[in-house]
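First the structure, in the form of structure tokens, and then the observations on it.
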Amino acid sequence: MLEIGSVAPDLALEDTTGQVVRLSEFRGKENVLLYFMRSTTCPVCNSHVKDLVGRAADFAAADVRVLIAVPEGREEAKAWRSKRGLSLRVVTGRGATPHEAFGLSKKMLQQSGSVLIDRDGKVRHAHAATMPISAYDKKGIAKAVDELAKVH
């Protein structure tokens, strides 16, 4: 997992429409929160996504773009996003999963977690867990988002 204060790699992800999403496209413009789901079928992860959707206005007010990263391929991610009626952008990897690119390994279960990257490309929050119940650090994310407001 990335370290707080480190520069995030310029990954090339792919959204559910097939459009390439590079982390560098947000530099100088927006902060980015990546939430890494264990899988689209994980009920705990889906409840975390529901909370992120409910907090969308708070994230928007802090210039934070939320991206939901899933380990499945684009077509499966697209079907899941459509079924849930999500307005949040869902991304997958190009070649490898986005999870692998951020150091979230697959042991017995796919690790999940979150990374908040500021508009300068620096990691402001990083959290990973093997068990999905502890993968969503709501308080840690909120604190990091509040600190972004103080910086900019």
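Ligands are numbered from 1 in the order shown, chains are lettered A, B, ... in the order of the structure tokens, and residues start at 1 in each chain.
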Go through region 12-36 of chain A residue by residue and, counting only C-alpha atoms, keep those with an atom at most 7 Å from region 84-96 of chain A; for each kept residue give the shortest atom pair and its distance in Å to one decimal, ordered by chain and increasing number, as a Markdown table.
```
| residue | atom | partner | partner_atom | distance |
| --- | --- | --- | --- | --- |
| A:Ala12 | CA | A:Arg94 | CA | 6.9 |
| A:Leu13 | CA | A:Gly93 | CA | 4.9 |
| A:Glu14 | CA | A:Val91 | CA | 5.3 |
| A:Asp15 | CA | A:Val91 | CA | 4.3 |
| A:Thr16 | CA | A:Val90 | CA | 6.2 |
```
Residue set, chain A restricted to helix (DSSP H, G or I), as a PyMOL selection string: chain A and resi 23-26+43-54+56-61+74-84+98-101+132-134+138-151
Residue nearest Ile68 (chain A) among A:Phe36, A:Tyr136, A:Trp80, A:Phe26 (counting only C-alpha atoms):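 Among the listed residues, A:Phe36 lies closest to Ile68 (chain A).
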Shell around Cys42 (chain A) at 12 Å using only C-alpha atoms, local window under 6 positions removed, as a ChimeraX atom specification: /A:36,48-49,70-71,80,109-112,131-133,135
Between CA of Asp146 (chain A) and CA of Leu33 (chain A) - distance in Å to one decimal: 13.1 Å
Residues within 10 Å of Ser134 (chain A), only C-alpha atoms, excluding chain neighbours under 4 positions, as a PyMOL selection string: chain A and resi 44-45+112-113+127-130+138
Every residue of region 27-85 of chain A that DSSP places in strand (DSSP E), as a ChimeraX atom specification: /A:31-36,64-69
List the spatial neighbours of Val64 (chain A) as a PDB file with all heavy atoms, in the first residue's frame - criterion: any atom at most 6 Å away, only C-alpha atoms, same-chain residues fewer than 6 positions off excluded.
```pdb
ATOM      1  N   GLU A  30      -8.386  18.361  -9.108  1.00  0.00           N
ATOM      2  CA  GLU A  30      -9.228  17.747  -8.081  1.00  0.00           C
ATOM      3  C   GLU A  30      -8.428  16.766  -7.240  1.00  0.00           C
ATOM      4  O   GLU A  30      -7.420  16.222  -7.691  1.00  0.00           O
ATOM      5  CB  GLU A  30     -10.368  16.925  -8.715  1.00  0.00           C
ATOM      6  CG  GLU A  30     -11.399  17.711  -9.465  1.00  0.00           C
ATOM      7  CD  GLU A  30     -12.424  16.775 -10.086  1.00  0.00           C
ATOM      8  OE1 GLU A  30     -12.085  16.098 -11.078  1.00  0.00           O
ATOM      9  OE2 GLU A  30     -13.547  16.729  -9.568  1.00  0.00           O
ATOM     10  N   ASN A  31      -8.936  16.526  -6.052  1.00  0.00           N
ATOM     11  CA  ASN A  31      -8.444  15.456  -5.209  1.00  0.00           C
ATOM     12  C   ASN A  31      -9.193  14.195  -5.636  1.00  0.00           C
ATOM     13  O   ASN A  31     -10.303  14.282  -6.168  1.00  0.00           O
ATOM     14  CB  ASN A  31      -8.749  15.770  -3.745  1.00  0.00           C
ATOM     15  CG  ASN A  31      -8.242  17.137  -3.338  1.00  0.00           C
ATOM     16  OD1 ASN A  31      -7.050  17.384  -3.328  1.00  0.00           O
ATOM     17  ND2 ASN A  31      -9.145  18.052  -3.022  1.00  0.00           N
ATOM     18  N   VAL A  32      -8.611  13.035  -5.399  1.00  0.00           N
ATOM     19  CA  VAL A  32      -9.232  11.776  -5.812  1.00  0.00           C
ATOM     20  C   VAL A  32      -9.253  10.795  -4.649  1.00  0.00           C
ATOM     21  O   VAL A  32      -8.215  10.568  -4.007  1.00  0.00           O
ATOM     22  CB  VAL A  32      -8.463  11.128  -6.983  1.00  0.00           C
ATOM     23  CG1 VAL A  32      -9.099   9.805  -7.381  1.00  0.00           C
ATOM     24  CG2 VAL A  32      -8.392  12.056  -8.168  1.00  0.00           C
TER      25      VAL A  32
END
```
Selection near Asp120 (chain A), 8 Å with only C-alpha atoms, sequence-local residues under 3 positions removed, as a ChimeraX atom specification: /A:27-28,117
Which of A:Glu100, A:Asp118, A:Lys83, A:Ala142 sits closest to Asn46 (chain A) [using only C-alpha atoms]: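 The closest residue to Asn46 (chain A) is A:Lys83.
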